[in-house]
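Heads up, target-v8.csv below (CSV, C-alpha atoms and all ligand atoms):
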chain,number,residue,atom,x,y,z
A,1,ARG,CA,30.8,89.0,118.8
A,2,ALA,CA,31.7,89.8,122.3
A,3,ARG,CA,35.2,90.2,121.2
A,4,SER,CA,34.5,92.8,118.5
A,5,LEU,CA,32.3,94.7,120.9
A,6,GLY,CA,35.1,94.6,123.5
A,7,GLN,CA,37.5,96.0,120.9
A,8,THR,CA,35.2,98.8,119.9
A,9,GLN,CA,34.8,99.8,123.5
A,10,TYR,CA,38.5,99.6,124.0
A,11,GLN,CA,39.1,101.9,121.1
A,12,VAL,CA,36.6,104.5,122.2
A,13,PHE,CA,38.2,104.4,125.6
A,14,ALA,CA,41.7,104.7,124.3
A,15,THR,CA,40.9,107.6,122.0
A,16,GLY,CA,39.1,109.4,124.8
A,17,MET,CA,42.1,108.8,127.1
A,18,LEU,CA,44.5,110.1,124.5
A,19,GLU,CA,42.5,113.2,123.9
A,20,ALA,CA,42.2,113.8,127.6
A,21,ASN,CA,46.0,113.4,128.0
A,22,VAL,CA,46.8,115.7,125.0
A,23,GLN,CA,44.5,118.3,126.4
A,24,ARG,CA,45.9,118.0,129.8
A,25,PHE,CA,49.5,118.3,128.5
A,26,ALA,CA,48.6,121.3,126.5
A,27,LEU,CA,46.8,122.9,129.4
A,28,GLU,CA,49.8,122.3,131.7
A,29,GLY,CA,52.1,124.2,129.3
A,30,GLU,CA,49.6,126.9,129.0
A,31,LEU,CA,49.2,127.2,132.7
A,32,ARG,CA,52.9,127.8,133.0
A,33,GLN,CA,52.8,130.5,130.2
A,34,GLY,CA,49.7,132.0,131.8
A,35,LEU,CA,51.5,132.6,135.0
A,36,ALA,CA,54.5,134.2,133.2
A,37,ASN,CA,52.2,136.3,131.0
A,38,GLN,CA,49.9,137.5,133.8
A,39,GLN,CA,46.7,135.9,132.5
A,40,PHE,CA,45.4,135.3,136.0
A,41,GLU,CA,43.3,137.7,138.0
A,42,LEU,CA,41.8,137.6,141.4
A,43,TYR,CA,38.1,138.2,141.8
A,44,TYR,CA,36.5,139.1,145.1
A,45,GLN,CA,33.1,137.9,146.3
A,46,PRO,CA,31.5,139.7,149.2
A,47,ILE,CA,30.8,137.9,152.5
A,48,VAL,CA,27.8,139.6,154.2
A,49,SER,CA,26.8,139.7,157.9
A,50,LEU,CA,23.3,138.4,158.3
A,51,LYS,CA,22.9,140.4,161.5
A,52,SER,CA,24.0,143.8,160.2
A,53,ASP,CA,23.6,143.4,156.4
A,54,ARG,CA,27.2,144.8,156.1
A,55,ILE,CA,30.0,143.5,154.1
A,56,ALA,CA,32.2,141.5,156.5
A,57,GLY,CA,34.9,140.7,153.9
A,58,PHE,CA,35.6,139.1,150.6
A,59,GLU,CA,36.7,135.7,149.4
A,60,ALA,CA,39.5,135.9,146.8
A,61,LEU,CA,38.8,133.6,143.8
A,62,ILE,CA,41.2,133.1,141.0
A,63,ARG,CA,40.2,133.6,137.3
A,64,TRP,CA,42.1,132.6,134.2
A,65,GLN,CA,41.5,134.5,131.0
A,66,HIS,CA,43.1,132.3,128.4
A,67,PRO,CA,44.0,134.3,125.2
A,68,GLN,CA,42.5,131.7,122.9
A,69,ARG,CA,40.2,129.5,125.0
A,70,GLY,CA,38.6,132.4,127.0
A,71,PHE,CA,37.6,131.9,130.6
A,72,ILE,CA,38.7,128.7,132.2
A,73,SER,CA,37.1,127.8,135.5
A,74,PRO,CA,39.3,127.3,138.6
A,75,GLY,CA,37.5,124.0,139.1
A,76,MET,CA,39.3,122.9,136.0
A,77,PHE,CA,42.8,124.3,136.4
A,78,VAL,CA,43.4,124.4,140.1
A,79,PRO,CA,43.4,120.6,140.4
A,80,LEU,CA,45.9,120.5,137.5
A,81,ALA,CA,48.1,123.2,139.0
A,82,GLU,CA,47.9,121.1,142.2
A,83,GLU,CA,49.1,117.9,140.5
A,84,THR,CA,51.9,119.6,138.5
A,85,GLY,CA,53.2,121.6,141.5
A,86,LEU,CA,52.4,124.9,139.6
A,87,ILE,CA,50.1,125.7,142.5
A,88,ILE,CA,53.2,126.7,144.5
A,89,PRO,CA,54.1,129.7,142.4
A,90,LEU,CA,50.5,130.3,141.6
A,91,GLY,CA,49.5,130.2,145.3
A,92,LYS,CA,52.3,132.6,146.1
A,93,TRP,CA,50.9,135.0,143.5
A,94,ILE,CA,47.4,134.6,144.9
A,95,CYS,CA,48.6,135.5,148.4
A,96,GLU,CA,50.6,138.5,147.2
A,97,THR,CA,47.8,139.8,145.0
A,98,ALA,CA,45.2,139.4,147.8
A,99,CYS,CA,47.6,141.2,150.2
A,100,GLN,CA,48.2,144.0,147.8
A,101,GLN,CA,44.4,144.5,147.3
A,102,ALA,CA,43.9,144.4,151.1
A,103,TYR,CA,46.5,147.1,151.4
A,104,VAL,CA,44.7,149.3,148.9
A,105,TRP,CA,41.4,148.8,150.6
A,106,LYS,CA,42.9,149.5,154.0
A,107,GLN,CA,44.0,152.9,152.7
A,108,GLN,CA,40.7,153.6,151.0
A,109,PHE,CA,38.4,152.4,153.8
A,110,PRO,CA,40.4,152.8,157.0
A,111,ASP,CA,37.4,152.2,159.3
A,112,TRP,CA,36.4,149.0,157.6
A,113,PRO,CA,37.5,145.9,159.5
A,114,LEU,CA,39.0,144.0,156.5
A,115,LEU,CA,38.7,140.3,156.3
A,116,ILE,CA,40.0,138.8,153.1
A,117,SER,CA,39.6,135.1,152.7
A,118,ILE,CA,42.2,133.2,150.7
A,119,ASN,CA,41.9,129.6,149.5
A,120,LEU,CA,44.9,127.4,150.3
A,121,SER,CA,45.5,124.2,148.3
A,122,GLY,CA,46.6,120.9,149.6
A,123,ARG,CA,50.1,121.3,148.2
A,124,GLN,CA,50.5,124.8,149.7
A,125,PHE,CA,49.4,123.5,153.0
A,126,GLU,CA,52.2,120.9,152.9
A,127,GLN,CA,54.9,123.4,151.9
A,128,PRO,CA,57.5,123.5,154.7
A,129,ASP,CA,57.9,127.3,154.4
A,130,LEU,CA,54.3,128.3,154.1
A,131,VAL,CA,54.3,130.2,157.4
A,132,GLU,CA,57.5,132.1,156.5
A,133,GLN,CA,56.3,132.9,153.1
A,134,LEU,CA,53.0,134.4,154.4
A,135,ALA,CA,54.8,136.2,157.1
A,136,ALA,CA,57.2,137.8,154.5
A,137,ILE,CA,54.3,138.8,152.3
A,138,MET,CA,52.4,140.4,155.1
A,139,HIS,CA,55.5,142.1,156.5
A,140,ASP,CA,56.2,143.7,153.1
A,141,ARG,CA,52.8,145.3,153.1
A,142,GLN,CA,52.7,146.1,156.8
A,143,LEU,CA,49.7,144.0,157.1
A,144,TYR,CA,51.0,141.8,159.8
A,145,GLY,CA,48.1,139.6,160.8
A,146,LEU,CA,44.5,140.8,161.4
A,147,THR,CA,43.4,140.9,157.8
A,148,PHE,CA,43.4,137.4,156.4
A,149,LYS,CA,41.4,134.3,156.7
A,150,LEU,CA,42.8,131.2,155.2
A,151,GLU,CA,40.4,128.6,153.8
A,152,VAL,CA,41.4,125.0,154.2
A,153,THR,CA,39.3,121.9,153.4
A,154,GLU,CA,38.6,118.8,155.4
A,155,SER,CA,40.8,116.6,153.2
A,156,MET,CA,43.8,118.9,153.9
A,157,VAL,CA,43.5,118.7,157.7
A,158,MET,CA,42.1,115.2,158.3
A,159,GLY,CA,45.2,113.4,157.0
A,160,ASP,CA,48.2,114.0,159.2
A,161,VAL,CA,46.1,115.6,162.0
A,162,GLU,CA,48.9,116.4,164.4
A,163,ALA,CA,50.9,118.2,161.7
A,164,ALA,CA,47.8,120.1,160.6
A,165,ILE,CA,47.0,121.2,164.1
A,166,ASP,CA,50.6,122.4,164.6
A,167,LEU,CA,50.6,124.3,161.3
A,168,MET,CA,47.2,125.9,162.0
A,169,PHE,CA,48.4,127.2,165.3
A,170,LYS,CA,51.4,128.7,163.5
A,171,LEU,CA,49.2,130.4,161.0
A,172,ARG,CA,47.0,131.7,163.8
A,173,SER,CA,50.1,133.1,165.5
A,174,LEU,CA,50.7,135.2,162.3
A,175,GLY,CA,47.3,136.7,163.1
A,176,CYS,CA,45.5,134.8,160.4
A,177,LYS,CA,42.1,133.4,160.9
A,178,LEU,CA,41.1,130.0,159.6
A,179,SER,CA,38.0,128.7,157.8
A,180,LEU,CA,37.0,125.1,157.0
A,181,ASP,CA,35.7,125.3,153.4
A,182,ASP,CA,33.0,123.2,151.9
A,183,PHE,CA,32.1,121.7,155.3
A,184,GLY,CA,30.0,118.6,155.2
A,185,THR,CA,31.2,117.3,151.8
A,186,GLY,CA,34.4,115.7,153.1
A,187,TYR,CA,35.3,113.4,155.9
A,188,SER,CA,35.6,115.1,159.3
A,189,SER,CA,36.2,113.5,162.6
A,190,LEU,CA,34.3,115.4,165.3
A,191,SER,CA,36.9,114.6,167.9
A,192,TYR,CA,39.6,116.3,165.7
A,193,LEU,CA,37.4,119.1,164.7
A,194,ARG,CA,37.2,120.1,168.4
A,195,ARG,CA,41.0,120.4,168.5
A,196,PHE,CA,41.4,122.5,165.5
A,197,PRO,CA,42.0,126.2,166.0
A,198,ILE,CA,39.4,127.0,163.3
A,199,ASP,CA,37.3,130.2,163.5
A,200,THR,CA,34.7,129.5,160.9
A,201,LEU,CA,32.8,126.6,159.3
A,202,LYS,CA,31.7,127.3,155.7
A,203,VAL,CA,28.6,125.4,155.0
A,204,ASP,CA,28.9,123.9,151.5
A,205,GLN,CA,26.6,125.3,148.9
A,206,SER,CA,25.1,121.9,148.0
A,207,PHE,CA,23.2,122.0,151.4
A,208,VAL,CA,22.4,125.7,151.2
A,209,ARG,CA,21.0,125.4,147.7
A,210,ASN,CA,18.5,122.7,148.9
A,211,MET,CA,17.4,124.2,152.2
A,212,HIS,CA,13.7,124.1,151.0
A,213,SER,CA,14.0,120.3,151.6
A,214,ALA,CA,13.5,119.3,155.2
A,215,GLU,CA,16.6,117.1,155.2
A,216,ASP,CA,19.0,119.7,153.9
A,217,PHE,CA,17.5,122.3,156.2
A,218,ALA,CA,18.2,119.9,159.1
A,219,ILE,CA,21.7,119.4,157.9
A,220,VAL,CA,22.4,123.1,157.8
A,221,ARG,CA,20.9,123.5,161.2
A,222,THR,CA,23.1,120.7,162.5
A,223,ILE,CA,26.2,122.3,161.1
A,224,VAL,CA,25.3,125.7,162.5
A,225,ASP,CA,24.7,124.2,165.9
A,226,LEU,CA,27.9,122.2,165.8
A,227,ALA,CA,29.9,125.3,164.9
A,228,HIS,CA,28.4,127.3,167.7
A,229,THR,CA,29.0,124.4,170.2
A,230,LEU,CA,32.7,124.4,169.2
A,231,GLY,CA,32.9,128.2,169.5
A,232,MET,CA,33.1,128.8,165.7
A,233,ASP,CA,31.0,131.0,163.5
A,234,VAL,CA,29.3,130.1,160.2
A,235,ILE,CA,29.5,131.3,156.6
A,236,ALA,CA,26.8,129.8,154.4
A,237,GLU,CA,28.0,129.5,150.8
A,238,GLY,CA,25.9,129.6,147.7
A,239,VAL,CA,23.1,131.9,149.0
A,240,GLU,CA,20.9,132.7,146.0
A,241,THR,CA,17.5,133.7,147.3
A,242,LEU,CA,15.7,135.8,149.9
A,243,GLU,CA,14.3,132.5,151.2
A,244,ASP,CA,17.8,131.2,151.8
A,245,VAL,CA,18.7,134.4,153.7
A,246,ALA,CA,15.6,134.1,155.9
A,247,ALA,CA,16.2,130.4,156.6
A,248,LEU,CA,19.8,131.1,157.5
A,249,ARG,CA,18.9,134.0,159.8
A,250,SER,CA,16.3,131.7,161.6
A,251,LEU,CA,19.1,129.3,162.3
A,252,GLY,CA,21.5,131.9,163.6
A,253,ALA,CA,24.1,131.7,160.9
A,254,GLU,CA,26.4,134.7,161.1
A,255,TYR,CA,27.4,135.3,157.5
A,256,GLY,CA,26.3,134.5,153.9
A,257,GLN,CA,28.0,134.5,150.6
A,258,GLY,CA,26.4,134.0,147.2
A,259,TYR,CA,24.8,135.4,144.1
A,260,TYR,CA,21.9,136.8,146.2
A,261,TRP,CA,24.4,139.7,147.1
A,262,ALA,CA,27.0,139.5,144.3
A,263,LYS,CA,28.9,137.1,142.1
A,264,PRO,CA,32.7,137.2,142.4
A,265,LEU,CA,33.7,140.7,141.2
A,266,ALA,CA,36.9,142.1,139.6
A,267,ALA,CA,38.8,144.3,142.0
A,268,ALA,CA,37.4,147.6,140.6
A,269,ALA,CA,33.8,146.3,140.8
A,270,ALA,CA,34.4,145.0,144.3
A,271,THR,CA,35.7,148.4,145.3
A,272,GLU,CA,32.6,150.0,143.8
A,273,PHE,CA,30.4,147.5,145.7
A,274,LEU,CA,32.2,148.4,148.9
A,275,ALA,CA,32.0,152.1,148.3
A,276,GLN,CA,28.2,151.8,147.7
A,277,SER,CA,27.8,149.9,150.9
A,278,PHE,CA,29.2,152.8,152.9
A,279,GLN,CA,26.7,155.3,151.5
B,301,LIG,P1,35.2,127.5,147.0
B,301,LIG,O1,36.4,128.0,147.7
B,301,LIG,O2,34.2,126.7,147.7
B,301,LIG,O3,34.5,128.8,146.3
B,301,LIG,C1,33.2,129.1,146.2
B,301,LIG,C2,32.7,128.8,144.8
B,301,LIG,O4,31.3,129.0,144.8
B,301,LIG,C3,33.3,129.8,143.8
B,301,LIG,O5,33.4,129.2,142.6
B,301,LIG,C4,32.1,130.8,143.7
B,301,LIG,O6,32.1,131.6,142.5
B,301,LIG,C5,30.9,129.9,143.8
B,301,LIG,N1,29.7,130.6,144.3
B,301,LIG,C6,29.6,131.6,145.2
B,301,LIG,N2,28.3,131.9,145.4
B,301,LIG,C7,27.6,131.1,144.6
B,301,LIG,C8,26.2,131.0,144.4
B,301,LIG,O7,25.3,131.7,144.9
B,301,LIG,N3,25.7,130.1,143.5
B,301,LIG,C9,26.6,129.2,142.8
B,301,LIG,N4,26.1,128.3,142.0
B,301,LIG,N5,28.0,129.3,143.0
B,301,LIG,C10,28.4,130.3,143.9
B,301,LIG,P2,34.7,129.3,141.7
B,301,LIG,O8,35.2,130.7,141.8
B,301,LIG,O9,34.4,128.7,140.4
B,301,LIG,O10,35.8,128.4,142.5
B,301,LIG,C11,35.6,127.0,142.5
B,301,LIG,C12,36.6,126.4,143.5
B,301,LIG,O11,38.0,126.5,143.0
B,301,LIG,C13,36.7,127.1,144.9
B,301,LIG,O12,35.6,126.6,145.7
B,301,LIG,C14,38.1,126.6,145.3
B,301,LIG,O13,38.0,125.3,145.8
B,301,LIG,C15,38.9,126.7,144.0
B,301,LIG,N6,39.5,128.0,144.0
B,301,LIG,C16,39.1,129.2,143.5
B,301,LIG,N7,40.0,130.2,143.6
B,301,LIG,C17,41.1,129.6,144.2
B,301,LIG,C18,42.3,130.1,144.7
B,301,LIG,O14,42.7,131.3,144.6
B,301,LIG,N8,43.2,129.2,145.3
B,301,LIG,C19,42.8,127.8,145.4
B,301,LIG,N9,43.7,127.0,146.0
B,301,LIG,N10,41.6,127.4,145.0
B,301,LIG,C20,40.8,128.2,144.5
B,302,MG,MG,36.7,128.8,149.4
B,303,MG,MG,33.5,126.4,149.4
B,304,MG,MG,35.2,124.1,146.8

Could you express the structure from this file as structure tokens?
Ligand code: C2E
Ligand code: MG
Ligand code: MG
Ligand code: MG
Amino acid sequence: RARSLGQTQYQVFATGMLEANVQRFALEGELRQGLANQQFELYYQPIVSLKSDRIAGFEALIRWQHPQRGFISPGMFVPLAEETGLIIPLGKWICETACQQAYVWKQQFPDWPLLISINLSGRQFEQPDLVEQLAAIMHDRQLYGLTFKLEVTESMVMGDVEAAIDLMFKLRSLGCKLSLDDFGTGYSSLSYLRRFPIDTLKVDQSFVRNMHSAEDFAIVRTIVDLAHTLGMDVIAEGVETLEDVAALRSLGAEYGQGYYWAKPLAAAAATEFLAQSFQ
């Protein structure tokens, strides 16, 4: 009896695995095609100053419009692109596209101090010529420095710490700023954090979402205080309600990002959002 039960479970497991592998394999090929056929698009989500209520910048977030499957979330394909190495050409495209958009906005809104945040992936961060690549892209568009903020995660910088510090200083010398994304969800050593040339801690949305609970409120307060102690500022992610905004203001957080202001927007809609904010 136990044996037959075991077999049944094994079969269910095997079928599930096979399906998952077939799907993965299909998706990998489609990812490759998608890149060649320009099925990707960058969306831009406003980051808002809690002090002035002005747009401080945008975070670029990738979107995939698959011709048959429709919208596929980055949470689904970015890890696959990472595993297969496709993130390298995709990451380059992301940087080029964000730079191109920054260039357009700089022409349109010359007085606006642009700050465009770009998510880097682990593989990109380990690429030996990342700095040269970014420098070339910025140079092409005469955007040398000033404009970009690169988002890294704890897992990317807490491995080979010395190499990460070295790389971060090089990125900073291009004029880029650095954010630590999803802060609080990974593993961070405070003694290393102190040595990182990071400008901004992004408080993960899982804490921001639950700030009505005393524990999560205390966690957000602790992260804000930690950032300020280390000379960093704070962006709270996943801000959805006026109550979130009030709570974050009371804690002295500098910036917020979330559906309360806007979802990630296509470039044209983001431009519209920006134009409105200047009226
Ligand atoms: P992330 O960098 O932490 O991006 C923030 C995510 O939170 C985005 O999801 C955004 O749409 C979502 N978000 C923002 N405000 C709210 C809110 O108020 N409520 C809720 N529920 N969600 C909110 P998205 O665009 O699906 O991206 C998911 C993750 O995929 C990103 O997390 C990032 O890790 C990765 N990703 C997205 N675009 C890129 C990219 O261009 N390059 C790389 N390497 N990774 C990317
Ligand atoms: Mg991010
Ligand atoms: Mg995040
Ligand atoms: Mg994330």

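When all atoms listed in the file are used to measure the gap to Leu190 in chain A, the shortest distance among A:Gly70, A:Tyr255, A:Asn119, A:Ile223 belongs to A:Ile223.
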
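Distance check against Leu130 in chain A using only C-alpha atoms: of A:Glu19, A:Glu243, A:Gly91, A:Trp112, the minimum falls on A:Gly91.
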
Residue contacts of Gly85 in chain A (10 Å, only C-alpha atoms) excluding same-chain residues fewer than 6 positions away, as a PyMOL selection string: chain A and resi 79+123-124

Residues from the last selection, C-alpha atoms, saved as an mmCIF file, keeping the file's coordinate frame:
data_model
loop_
_atom_site.group_PDB
_atom_site.id
_atom_site.type_symbol
_atom_site.label_atom_id
_atom_site.label_comp_id
_atom_site.auth_asym_id
_atom_site.auth_seq_id
_atom_site.Cartn_x
_atom_site.Cartn_y
_atom_site.Cartn_z
ATOM 1 C CA PRO A 79 43.400 120.600 140.400
ATOM 2 C CA ARG A 123 50.100 121.300 148.200
ATOM 3 C CA GLN A 124 50.500 124.800 149.700
#

Please extract the residues at most 8 Å from ligand LIG 301 (chain B), counting all atoms listed in the file, and provide them as a tab-separated table (two decimals) with C-alpha atoms, in the frame of the given file, using the chain letters and residue numbers of this document.
chain	number	residue	atom	x	y	z
A	42	LEU	CA	41.80	137.60	141.40
A	45	GLN	CA	33.10	137.90	146.30
A	59	GLU	CA	36.70	135.70	149.40
A	60	ALA	CA	39.50	135.90	146.80
A	61	LEU	CA	38.80	133.60	143.80
A	62	ILE	CA	41.20	133.10	141.00
A	63	ARG	CA	40.20	133.60	137.30
A	73	SER	CA	37.10	127.80	135.50
A	74	PRO	CA	39.30	127.30	138.60
A	75	GLY	CA	37.50	124.00	139.10
A	76	MET	CA	39.30	122.90	136.00
A	78	VAL	CA	43.40	124.40	140.10
A	87	ILE	CA	50.10	125.70	142.50
A	91	GLY	CA	49.50	130.20	145.30
A	94	ILE	CA	47.40	134.60	144.90
A	118	ILE	CA	42.20	133.20	150.70
A	119	ASN	CA	41.90	129.60	149.50
A	120	LEU	CA	44.90	127.40	150.30
A	121	SER	CA	45.50	124.20	148.30
A	122	GLY	CA	46.60	120.90	149.60
A	151	GLU	CA	40.40	128.60	153.80
A	181	ASP	CA	35.70	125.30	153.40
A	182	ASP	CA	33.00	123.20	151.90
A	204	ASP	CA	28.90	123.90	151.50
A	205	GLN	CA	26.60	125.30	148.90
A	209	ARG	CA	21.00	125.40	147.70
A	237	GLU	CA	28.00	129.50	150.80
A	238	GLY	CA	25.90	129.60	147.70
A	239	VAL	CA	23.10	131.90	149.00
A	240	GLU	CA	20.90	132.70	146.00
A	257	GLN	CA	28.00	134.50	150.60
A	258	GLY	CA	26.40	134.00	147.20
A	259	TYR	CA	24.80	135.40	144.10
A	260	TYR	CA	21.90	136.80	146.20
A	262	ALA	CA	27.00	139.50	144.30
A	263	LYS	CA	28.90	137.10	142.10
A	264	PRO	CA	32.70	137.20	142.40

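Here CA of Met168 in chain A is placed at a distance of 7.6 Å from CA of Phe196 in chain A.
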
Counting only C-alpha atoms and all ligand atoms, the residue of A:Glu272, A:Asp216, A:Asp140, A:Glu154 that sits nearest ligand MG 303 (chain B): A:Glu154

One decimal, in Å: what's the spacing between CA of Ala270 in chain A and CA of Pro113 in chain A?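 Here the two named atoms are 15.5 Å from each other.
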
Can you work out which one of A:Gln68, A:Gln39, A:Gln142, A:Ser206 has the shortest atom-to-atom distance to ligand MG 304 (chain B), counting all atoms listed in the file?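 Nearest to ligand MG 304 (chain B): A:Ser206.
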
Mind pulling up the distance from CA of Leu201 in chain A to CA of Leu226 in chain A?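 Separation between CA of Leu226 in chain A and CA of Leu201 in chain A: 9.3 Å.
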
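Restricting the calculation to all atoms listed in the file, the smallest distance between ligand MG 303 (chain B) and any of A:Ile219, A:Leu150, A:Leu265, A:Met158 is found for A:Leu150.
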
Hey, can I get the axis-aligned box for range 82-91 of chain A? All listed atoms, 6 Å padding on each side, centre and edge lengths in Å to one decimal, as AutoDock Vina command-line options.
--center_x 51.0 --center_y 124.1 --center_z 141.9 --size_x 18.2 --size_y 24.4 --size_z 18.8

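When the distance limit is 12 Å and all atoms listed in the file are what count, the residues near Gln100 in chain A, minus those fewer than 3 positions from it on the same chain, are A:Leu42, A:Ala60, A:Trp93, A:Ile94, A:Cys95, A:Glu96, A:Thr97, A:Tyr103, A:Val104, A:Trp105, A:Lys106, A:Gln107, A:Ile116, A:Ile137, A:Met138, A:His139, A:Asp140, A:Arg141, A:Gln142, A:Leu143, A:Thr147, A:Phe148, A:Ala267.
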
Counting all atoms listed in the file, select every polymer residue within 6 Å of (34.1, 138.5, 148.4) as defined in the file's coordinates, and provide the selection as a tab-separated table (two decimals) with C-alpha atoms, in the coordinates of the input.
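Result went into point35.tsv, see below:
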chain	number	residue	atom	x	y	z
A	44	TYR	CA	36.50	139.10	145.10
A	45	GLN	CA	33.10	137.90	146.30
A	46	PRO	CA	31.50	139.70	149.20
A	47	ILE	CA	30.80	137.90	152.50
A	57	GLY	CA	34.90	140.70	153.90
A	58	PHE	CA	35.60	139.10	150.60
A	59	GLU	CA	36.70	135.70	149.40

Ser179 in chain A surroundings by only C-alpha atoms, 9 Å radius, close-in-sequence under 6 positions cut, as a ChimeraX atom specification: /A:117,149-153,198-202,235

From the list A:Leu274, A:Leu114, A:Val203, A:Val245, which residue is nearest ligand MG 302 (chain B) when using all atoms listed in the file? A:Val203
